[in-house]
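Data from start.cif: mmCIF, C-alpha atoms; chains and numbers go by the auth columns
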```
data_data
loop_
_atom_site.group_PDB
_atom_site.id
_atom_site.type_symbol
_atom_site.label_atom_id
_atom_site.label_comp_id
_atom_site.label_asym_id
_atom_site.label_seq_id
_atom_site.Cartn_x
_atom_site.Cartn_y
_atom_site.Cartn_z
_atom_site.B_iso_or_equiv
_atom_site.auth_seq_id
_atom_site.auth_asym_id
ATOM 1 C CA MET A 1 -22.466 135.579 135.788 0.00 1 C
ATOM 2 C CA LYS A 2 -19.383 134.709 133.762 0.00 2 C
ATOM 3 C CA PHE A 3 -21.622 133.675 130.906 0.00 3 C
ATOM 4 C CA ARG A 4 -23.290 137.123 130.816 0.00 4 C
ATOM 5 C CA LEU A 5 -19.945 138.856 130.903 0.00 5 C
ATOM 6 C CA LEU A 6 -18.709 136.676 128.029 0.00 6 C
ATOM 7 C CA LEU A 7 -21.868 137.388 126.035 0.00 7 C
ATOM 8 C CA LEU A 8 -21.513 141.130 126.625 0.00 8 C
ATOM 9 C CA THR A 9 -17.866 141.041 125.513 0.00 9 C
ATOM 10 C CA LEU A 10 -18.778 139.184 122.312 0.00 10 C
ATOM 11 C CA ARG A 11 -21.512 141.680 121.492 0.00 11 C
ATOM 12 C CA LEU A 12 -19.154 144.581 122.053 0.00 12 C
ATOM 13 C CA ARG A 13 -16.517 143.010 119.803 0.00 13 C
ATOM 14 C CA SER A 14 -19.038 142.351 117.048 0.00 14 C
ATOM 15 C CA VAL A 15 -20.266 145.967 117.156 0.00 15 C
ATOM 16 C CA LEU A 16 -16.701 147.248 116.957 0.00 16 C
ATOM 17 C CA ALA A 17 -15.872 144.867 114.116 0.00 17 C
ATOM 18 C CA PHE A 18 -18.983 145.922 112.209 0.00 18 C
ATOM 19 C CA GLY A 19 -18.032 149.598 112.681 0.00 19 C
ATOM 20 C CA LEU A 20 -14.509 148.947 111.437 0.00 20 C
ATOM 21 C CA VAL A 21 -15.819 147.164 108.339 0.00 21 C
ATOM 22 C CA ALA A 22 -18.200 150.053 107.614 0.00 22 C
ATOM 23 C CA VAL A 23 -15.386 152.599 107.864 0.00 23 C
ATOM 24 C CA LEU A 24 -13.107 150.577 105.590 0.00 24 C
ATOM 25 C CA LEU A 25 -15.831 150.137 102.987 0.00 25 C
ATOM 26 C CA ALA A 26 -16.621 153.857 103.047 0.00 26 C
ATOM 27 C CA CYS A 27 -12.974 154.680 102.414 0.00 27 C
ATOM 28 C CA SER A 28 -12.759 152.343 99.415 0.00 28 C
ATOM 29 C CA PHE A 29 -15.571 153.999 97.430 0.00 29 C
ATOM 30 C CA PRO A 30 -14.434 156.282 94.609 0.00 30 C
ATOM 31 C CA ALA A 31 -14.311 159.945 95.433 0.00 31 C
ATOM 32 C CA SER A 32 -17.251 161.986 94.247 0.00 32 C
ATOM 33 C CA ILE A 33 -15.075 164.941 93.278 0.00 33 C
ATOM 34 C CA PRO A 34 -15.576 165.769 89.612 0.00 34 C
ATOM 35 C CA ALA A 35 -12.444 165.681 87.492 0.00 35 C
ATOM 36 C CA ASN A 36 -11.399 168.620 85.354 0.00 36 C
ATOM 37 C CA PRO A 37 -12.903 167.796 81.931 0.00 37 C
ATOM 38 C CA PHE A 38 -10.294 169.860 80.134 0.00 38 C
ATOM 39 C CA GLY A 39 -7.297 168.329 81.857 0.00 39 C
ATOM 40 C CA PRO A 40 -4.189 170.222 82.781 0.00 40 C
ATOM 41 C CA THR A 41 -3.296 173.227 80.647 0.00 41 C
ATOM 42 C CA GLY A 42 -0.131 173.283 78.608 0.00 42 C
ATOM 43 C CA THR A 43 0.562 176.971 79.106 0.00 43 C
ATOM 44 C CA PRO A 44 0.414 178.880 82.322 0.00 44 C
ATOM 45 C CA SER A 45 -2.361 181.405 82.608 0.00 45 C
ATOM 46 C CA ALA A 46 -1.665 185.084 83.042 0.00 46 C
ATOM 47 C CA THR A 47 -1.589 186.343 86.590 0.00 47 C
ATOM 48 C CA LEU A 48 -3.638 189.350 87.443 0.00 48 C
ATOM 49 C CA ALA A 49 -1.956 192.544 88.499 0.00 49 C
ATOM 50 C CA PRO A 50 -2.490 193.359 92.148 0.00 50 C
ATOM 51 C CA THR A 51 -5.236 195.851 92.803 0.00 51 C
ATOM 52 C CA ALA A 52 -5.140 198.564 95.383 0.00 52 C
ATOM 53 C CA THR A 53 -7.068 197.792 98.515 0.00 53 C
ATOM 54 C CA ALA A 54 -9.163 200.374 100.264 0.00 54 C
ATOM 55 C CA THR A 55 -7.621 201.754 103.414 0.00 55 C
ATOM 56 C CA SER A 56 -9.668 203.151 106.217 0.00 56 C
ATOM 57 C CA THR A 57 -9.671 206.857 106.743 0.00 57 C
ATOM 58 C CA PRO A 58 -8.465 208.110 110.094 0.00 58 C
ATOM 59 C CA THR A 59 -11.217 208.470 112.634 0.00 59 C
ATOM 60 C CA PRO A 60 -11.919 211.986 113.817 0.00 60 C
ATOM 61 C CA THR A 61 -11.071 213.085 117.310 0.00 61 C
ATOM 62 C CA PRO A 62 -13.924 212.148 119.651 0.00 62 C
ATOM 63 C CA SER A 63 -16.237 215.009 120.508 0.00 63 C
ATOM 64 C CA PRO A 64 -16.136 216.414 124.030 0.00 64 C
ATOM 65 C CA VAL A 65 -19.503 214.832 124.787 0.00 65 C
ATOM 66 C CA ILE A 66 -18.094 211.428 123.835 0.00 66 C
ATOM 67 C CA ARG A 67 -15.024 212.116 125.955 0.00 67 C
ATOM 68 C CA ILE A 68 -17.223 212.919 128.954 0.00 68 C
ATOM 69 C CA ALA A 69 -19.110 209.655 128.466 0.00 69 C
ATOM 70 C CA SER A 70 -15.783 207.807 128.251 0.00 70 C
ATOM 71 C CA GLY A 71 -14.619 209.579 131.398 0.00 71 C
ATOM 72 C CA ASP A 72 -17.818 208.601 133.193 0.00 72 C
ATOM 73 C CA ARG A 73 -17.280 204.980 132.221 0.00 73 C
ATOM 74 C CA ALA A 74 -13.631 205.063 133.301 0.00 74 C
ATOM 75 C CA LEU A 75 -14.621 206.653 136.624 0.00 75 C
ATOM 76 C CA PHE A 76 -17.266 203.979 137.127 0.00 76 C
ATOM 77 C CA ASP A 77 -14.643 201.304 136.421 0.00 77 C
ATOM 78 C CA GLY A 78 -12.189 202.907 138.861 0.00 78 C
ATOM 79 C CA ASP A 79 -9.709 203.871 136.128 0.00 79 C
ATOM 80 C CA TYR A 80 -8.953 207.326 137.517 0.00 80 C
ATOM 81 C CA ASP A 81 -6.067 208.117 135.176 0.00 81 C
ATOM 82 C CA SER A 82 -8.181 207.530 132.059 0.00 82 C
ATOM 83 C CA ALA A 83 -11.088 209.439 133.566 0.00 83 C
ATOM 84 C CA ARG A 84 -8.870 212.447 134.335 0.00 84 C
ATOM 85 C CA ALA A 85 -7.464 212.432 130.801 0.00 85 C
ATOM 86 C CA GLU A 86 -10.905 212.231 129.167 0.00 86 C
ATOM 87 C CA TYR A 87 -12.403 214.994 131.322 0.00 87 C
ATOM 88 C CA ARG A 88 -9.425 217.310 130.807 0.00 88 C
ATOM 89 C CA GLN A 89 -9.477 216.826 127.038 0.00 89 C
ATOM 90 C CA ALA A 90 -13.236 217.424 126.970 0.00 90 C
ATOM 91 C CA TYR A 91 -12.755 220.646 128.927 0.00 91 C
ATOM 92 C CA ASP A 92 -9.913 221.816 126.685 0.00 92 C
ATOM 93 C CA GLN A 93 -11.706 220.979 123.417 0.00 93 C
ATOM 94 C CA SER A 94 -15.073 222.498 124.229 0.00 94 C
ATOM 95 C CA THR A 95 -16.379 226.031 124.250 0.00 95 C
ATOM 96 C CA ASP A 96 -19.923 224.985 125.185 0.00 96 C
ATOM 97 C CA PRO A 97 -20.632 226.030 128.797 0.00 97 C
ATOM 98 C CA GLU A 98 -22.667 222.925 129.632 0.00 98 C
ATOM 99 C CA THR A 99 -19.961 220.631 128.321 0.00 99 C
ATOM 100 C CA ARG A 100 -17.323 222.495 130.289 0.00 100 C
ATOM 101 C CA VAL A 101 -19.459 222.247 133.441 0.00 101 C
ATOM 102 C CA GLU A 102 -19.863 218.492 132.999 0.00 102 C
ATOM 103 C CA SER A 103 -16.155 217.993 132.314 0.00 103 C
ATOM 104 C CA LEU A 104 -15.180 219.959 135.435 0.00 104 C
ATOM 105 C CA TRP A 105 -17.769 218.065 137.436 0.00 105 C
ATOM 106 C CA GLY A 106 -16.359 214.748 136.210 0.00 106 C
ATOM 107 C CA LEU A 107 -12.783 215.789 136.898 0.00 107 C
ATOM 108 C CA ALA A 108 -13.645 216.952 140.415 0.00 108 C
ATOM 109 C CA ARG A 109 -15.558 213.746 141.175 0.00 109 C
ATOM 110 C CA THR A 110 -12.619 211.712 139.890 0.00 110 C
ATOM 111 C CA GLU A 111 -10.244 213.490 142.266 0.00 111 C
ATOM 112 C CA PHE A 112 -12.769 213.094 145.087 0.00 112 C
ATOM 113 C CA GLU A 113 -13.147 209.341 144.469 0.00 113 C
ATOM 114 C CA ALA A 114 -9.380 208.920 144.075 0.00 114 C
ATOM 115 C CA GLY A 115 -8.879 210.554 147.474 0.00 115 C
ATOM 116 C CA ASP A 116 -6.902 213.531 146.149 0.00 116 C
ATOM 117 C CA TYR A 117 -8.908 216.051 148.130 0.00 117 C
ATOM 118 C CA GLN A 118 -6.800 219.099 147.296 0.00 118 C
ATOM 119 C CA ALA A 119 -7.183 218.501 143.567 0.00 119 C
ATOM 120 C CA ALA A 120 -10.917 217.903 144.125 0.00 120 C
ATOM 121 C CA ILE A 121 -11.208 221.169 146.078 0.00 121 C
ATOM 122 C CA ASP A 122 -9.436 223.040 143.260 0.00 122 C
ATOM 123 C CA ALA A 123 -11.683 221.524 140.584 0.00 123 C
ATOM 124 C CA PHE A 124 -14.891 222.099 142.573 0.00 124 C
ATOM 125 C CA ASN A 125 -13.894 225.709 143.281 0.00 125 C
ATOM 126 C CA GLN A 126 -13.120 226.261 139.596 0.00 126 C
ATOM 127 C CA LEU A 127 -16.561 224.883 138.733 0.00 127 C
ATOM 128 C CA VAL A 128 -18.267 227.173 141.269 0.00 128 C
ATOM 129 C CA ARG A 129 -16.205 230.163 140.121 0.00 129 C
ATOM 130 C CA GLU A 130 -16.758 229.676 136.376 0.00 130 C
ATOM 131 C CA HIS A 131 -20.374 228.446 136.448 0.00 131 C
ATOM 132 C CA PRO A 132 -22.012 229.633 139.681 0.00 132 C
ATOM 133 C CA GLU A 133 -25.596 229.264 138.405 0.00 133 C
ATOM 134 C CA SER A 134 -25.312 225.643 137.259 0.00 134 C
ATOM 135 C CA ILE A 135 -26.833 222.801 139.232 0.00 135 C
ATOM 136 C CA ARG A 136 -23.396 221.196 139.352 0.00 136 C
ATOM 137 C CA ALA A 137 -22.115 224.245 141.281 0.00 137 C
ATOM 138 C CA ALA A 138 -24.657 223.551 144.006 0.00 138 C
ATOM 139 C CA GLN A 139 -23.640 219.893 144.057 0.00 139 C
ATOM 140 C CA ALA A 140 -20.008 221.011 144.223 0.00 140 C
ATOM 141 C CA HIS A 141 -20.811 223.005 147.374 0.00 141 C
ATOM 142 C CA TYR A 142 -22.211 219.860 148.963 0.00 142 C
ATOM 143 C CA LEU A 143 -19.157 217.749 148.110 0.00 143 C
ATOM 144 C CA LEU A 144 -16.848 220.538 149.252 0.00 144 C
ATOM 145 C CA GLY A 145 -18.680 220.383 152.587 0.00 145 C
ATOM 146 C CA GLU A 146 -18.039 216.636 152.686 0.00 146 C
ATOM 147 C CA ILE A 147 -14.340 217.117 151.955 0.00 147 C
ATOM 148 C CA TYR A 148 -13.925 219.856 154.550 0.00 148 C
ATOM 149 C CA SER A 149 -15.731 217.706 157.159 0.00 149 C
ATOM 150 C CA ALA A 150 -13.404 214.791 156.404 0.00 150 C
ATOM 151 C CA GLN A 151 -10.442 217.143 156.886 0.00 151 C
ATOM 152 C CA ASP A 152 -11.858 218.510 160.186 0.00 152 C
ATOM 153 C CA ARG A 153 -12.247 221.963 158.630 0.00 153 C
ATOM 154 C CA PHE A 154 -15.713 222.336 160.099 0.00 154 C
ATOM 155 C CA ALA A 155 -16.230 226.101 159.689 0.00 155 C
ATOM 156 C CA GLU A 156 -15.551 225.792 155.946 0.00 156 C
ATOM 157 C CA ALA A 157 -17.756 222.699 155.779 0.00 157 C
ATOM 158 C CA ALA A 158 -20.639 224.578 157.402 0.00 158 C
ATOM 159 C CA ALA A 159 -20.242 227.437 154.919 0.00 159 C
ATOM 160 C CA GLU A 160 -20.316 224.999 151.978 0.00 160 C
ATOM 161 C CA TYR A 161 -23.395 223.179 153.298 0.00 161 C
ATOM 162 C CA GLY A 162 -25.081 226.565 153.711 0.00 162 C
ATOM 163 C CA ALA A 163 -24.162 227.496 150.129 0.00 163 C
ATOM 164 C CA TYR A 164 -25.683 224.220 148.974 0.00 164 C
ATOM 165 C CA VAL A 165 -28.956 224.897 150.811 0.00 165 C
ATOM 166 C CA SER A 166 -29.060 228.431 149.355 0.00 166 C
ATOM 167 C CA ALA A 167 -28.480 227.184 145.822 0.00 167 C
ATOM 168 C CA ARG A 168 -30.795 224.142 145.985 0.00 168 C
ATOM 169 C CA SER A 169 -33.507 225.063 148.478 0.00 169 C
ATOM 170 C CA GLY A 170 -36.073 222.343 148.912 0.00 170 C
ATOM 171 C CA VAL A 171 -33.761 219.506 147.872 0.00 171 C
ATOM 172 C CA LEU A 172 -32.499 217.611 150.898 0.00 172 C
ATOM 173 C CA ASP A 173 -32.725 220.756 153.030 0.00 173 C
ATOM 174 C CA ALA A 174 -33.185 218.925 156.295 0.00 174 C
ATOM 175 C CA TYR A 175 -30.213 216.663 155.697 0.00 175 C
ATOM 176 C CA ALA A 176 -27.941 219.472 154.498 0.00 176 C
ATOM 177 C CA LEU A 177 -28.991 221.692 157.398 0.00 177 C
ATOM 178 C CA GLU A 178 -28.286 218.874 159.835 0.00 178 C
ATOM 179 C CA LEU A 179 -24.808 218.465 158.349 0.00 179 C
ATOM 180 C CA GLN A 180 -24.316 222.226 158.565 0.00 180 C
ATOM 181 C CA GLY A 181 -25.360 222.222 162.225 0.00 181 C
ATOM 182 C CA ASP A 182 -23.049 219.317 162.990 0.00 182 C
ATOM 183 C CA ALA A 183 -20.183 221.165 161.324 0.00 183 C
ATOM 184 C CA TYR A 184 -20.913 224.326 163.338 0.00 184 C
ATOM 185 C CA PHE A 185 -21.064 222.240 166.503 0.00 185 C
ATOM 186 C CA ASP A 186 -17.703 220.608 165.751 0.00 186 C
ATOM 187 C CA ALA A 187 -16.049 223.909 164.774 0.00 187 C
#
```

I'd like the structure from this file rewritten - as structure tokens, please.
Amino acid sequence: MKFRLLLLTLRLRSVLAFGLVAVLLACSFPASIPANPFGPTGTPSATLAPTATATSTPTPTPSPVIRIASGDRALFDGDYDSARAEYRQAYDQSTDPETRVESLWGLARTEFEAGDYQAAIDAFNQLVREHPESIRAAQAHYLLGEIYSAQDRFAEAAAEYGAYVSARSGVLDAYALELQGDAYFDA
């Protein structure tokens, strides 16, 4: 056993010694970097004048549609402050009715998700008032019903669920009518 260990140690030392010799030989070879055939110059060369570099032009203000997409992403990430800012700027910058509807919808959903129910009620009511024929107005009625139910304002919740069913007949009627009935029962 000791003989094997001694043999293994000698082999290891010979491999290390061979590696060390190879490294030392490699370092002693002449460098393969070509020398300057002209040698050093006697006079300094002229330096070039600095040239102007191109600067980037300022980026334009994002369009309201881009702001709504940014607000949607911020809302998804739970960054309510950024979402509010993006939706408000989109609303303020746009004159397109669809863009304004989507920005109000996003703002109202942000307040709803953040738990600021009074601000959500105000935004949803503004959406319903300014754009009563939009699909988002019907959805706003549904979420207003949810808010009023959470606040134990059951008569108002029932009215909002009824407005949702009137605006979106055929879509989840049974569920919305059940919620409306429950709200009337609790009122």

Q | Explicit residue set for the PyMOL selection byres ((chain C and resi 152-161) around 8), as a PyMOL selection string | A | chain C and resi 141-142+144-151+162-165+176-177+179-181+183-184+186-187

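Distance-wise, CA of Gln93 (chain C) and CA of Ser63 (chain C) end up 8.0 Å apart.
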
So which residues are close to (-22.2, 218.7, 141.7), meaning at most 10 Å away in the file's coordinates with all atoms listed in the file counted, and can you show them as a JSON list (two decimals) with C-alpha atoms, in the coordinates of the input?
```
[["chain", "number", "residue", "atom", "x", "y", "z"],
["C", 101, "VAL", "CA", -19.46, 222.25, 133.44],
["C", 102, "GLU", "CA", -19.86, 218.49, 133.00],
["C", 104, "LEU", "CA", -15.18, 219.96, 135.44],
["C", 105, "TRP", "CA", -17.77, 218.06, 137.44],
["C", 106, "GLY", "CA", -16.36, 214.75, 136.21],
["C", 108, "ALA", "CA", -13.64, 216.95, 140.42],
["C", 109, "ARG", "CA", -15.56, 213.75, 141.18],
["C", 124, "PHE", "CA", -14.89, 222.10, 142.57],
["C", 127, "LEU", "CA", -16.56, 224.88, 138.73],
["C", 128, "VAL", "CA", -18.27, 227.17, 141.27],
["C", 134, "SER", "CA", -25.31, 225.64, 137.26],
["C", 135, "ILE", "CA", -26.83, 222.80, 139.23],
["C", 136, "ARG", "CA", -23.40, 221.20, 139.35],
["C", 137, "ALA", "CA", -22.12, 224.24, 141.28],
["C", 138, "ALA", "CA", -24.66, 223.55, 144.01],
["C", 139, "GLN", "CA", -23.64, 219.89, 144.06],
["C", 140, "ALA", "CA", -20.01, 221.01, 144.22],
["C", 141, "HIS", "CA", -20.81, 223.00, 147.37],
["C", 142, "TYR", "CA", -22.21, 219.86, 148.96],
["C", 143, "LEU", "CA", -19.16, 217.75, 148.11],
["C", 144, "LEU", "CA", -16.85, 220.54, 149.25],
["C", 164, "TYR", "CA", -25.68, 224.22, 148.97]]
```

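One finds CA of Ala174 (chain C) at 27.2 Å from CA of Gly115 (chain C).
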
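Shortest atom-to-atom contact with Glu98 (chain C) among C:Leu172, C:Val65, C:Ala167, C:Ala49: C:Val65, counting only C-alpha atoms.
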
Q. Could you work out how far CA of Ser82 (chain C) lies from CA of Pro97 (chain C), giving the answer in Å with one decimal?
A. 22.5 Å

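Minimum distance to Thr110 (chain C) across C:Phe185, C:Phe76, C:Tyr91, C:Tyr175 (counting all atoms listed in the file) occurs at C:Phe76.
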
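Residue neighbourhood of Asp92 (chain C), excluding near-sequence residues (fewer than 5 positions): C:Pro64, C:Tyr87, C:Arg100, at 9 Å, using all atoms listed in the file.
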